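Written out below as structure tokens is the structure these notes cover.
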Amino acid sequence: MPSFLFYLFAAITLGFGLNVILARNPVTSALSLAVSFVGLAALFISLDAYFIGIIQILVYTGAVMVLFLFIIMLLDIQKEEAKRANTAAVIGGVVLAVVLTLQVAAVLGVFKEGAVTTEKRALSMEIASKREDVAQVKTIQKDLAAGTLPDAKLMGMTLFEQYGFHLQAIGLLLLVGTVGVVVLSKRESPNKPVV
């Protein structure tokens, strides 16, 4: 990828990510988040991580943003826009951002494996064919015999065999959160007469 495209997509990702925080309108924030996800997907694709880039667009920009917009539409937007910024929340957010930045810097300082480029760390055919779980799946064996590396199939096997419970737990948490938002947004105010 030419460097100017990298800087363009990085600027789109960071600029719209900043707009997510600074925009007063929740719908504007959600749509800015969607554009930021698309810029991030372009950066993944530029690193030859095609599967993660496409999943970034399909899952996050598609499904999660529809969920966010659905929840936002349940809110009273005029009431949300009229609120003033909470000083304690802003200070807490800045402190949390500084702590997170220091933590990432500390981890990157001792993580020597991060200096290895993706070309040197590519998953080789030999490593993929020696995996015990791969020998049981005929489609993966067929891909390996044809000389192609089935990234999506290998990643899917890893996700659903090693982290199946974790995926189910995250799905349940998202469902509970969505139901909770709907219940809280539909709660009747004490002054409103019951019809």
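Chain lettering (A, B, ...) mirrors the order of the structure tokens, residue numbering begins at 1 for each chain separately, and ligand numbering begins at 1 in order of display.
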Nearby residues (only C-alpha atoms) at most 8 Å from segment 52-58 of chain A, same-chain spacing under 4 positions excluded, as a PyMOL selection string:
chain A and resi 37-38+40-45+62-63
Go ahead and save the picked residues with C-alpha atoms, as an mmCIF file, in the first residue's frame.
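Okay, this is what ended up in out-v4.cif:
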data_model
loop_
_atom_site.group_PDB
_atom_site.id
_atom_site.type_symbol
_atom_site.label_atom_id
_atom_site.label_comp_id
_atom_site.auth_asym_id
_atom_site.auth_seq_id
_atom_site.Cartn_x
_atom_site.Cartn_y
_atom_site.Cartn_z
ATOM 1 C CA PHE A 37 -14.465 1.032 11.476
ATOM 2 C CA VAL A 38 -14.266 1.191 7.673
ATOM 3 C CA LEU A 40 -9.645 0.450 10.318
ATOM 4 C CA ALA A 41 -10.743 -2.338 7.970
ATOM 5 C CA ALA A 42 -8.795 -0.678 5.147
ATOM 6 C CA LEU A 43 -5.694 -0.647 7.372
ATOM 7 C CA PHE A 44 -6.150 -4.361 8.130
ATOM 8 C CA ILE A 45 -6.481 -5.139 4.424
ATOM 9 C CA GLY A 62 -22.762 -3.930 9.788
ATOM 10 C CA ALA A 63 -24.250 -5.794 12.722
#
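Take the candidates A:Lys153, A:Leu67, A:Arg84, A:Leu175 and check each one against Arg24 of chain A using only C-alpha atoms; the shortest distance goes to A:Arg84.
Take atom CA of Ile71 of chain A and atom CA of Leu33 of chain A: the distance between them is 14.6 Å.
Residue nearest Ala49 of chain A, chosen from A:Val181, A:Leu172, A:Met155, A:Val35 and counting only C-alpha atoms: A:Met155.
Nearest residue to Ile21 of chain A among A:Val179, A:Leu184, A:Leu144, A:Val94 is A:Val94, counting only C-alpha atoms.
The residue that comes closest to Leu18 of chain A, out of A:Ser32, A:Phe6, A:Ile170, A:Ala97 and on the basis of only C-alpha atoms, is A:Ser32.
If only C-alpha atoms are the atoms counted, then among A:Met73, A:Asp48, A:Leu102, A:Val137 the closest residue to Asn25 of chain A is A:Met73.
Take the candidates A:Gly171, A:Gly109, A:Pro2, A:Gly156 and check each one against Val64 of chain A using only C-alpha atoms; the shortest distance goes to A:Gly171.
Straight-line separation from atom CA of Glu113 of chain A to atom CA of Asp143 of chain A: 29.0 Å.
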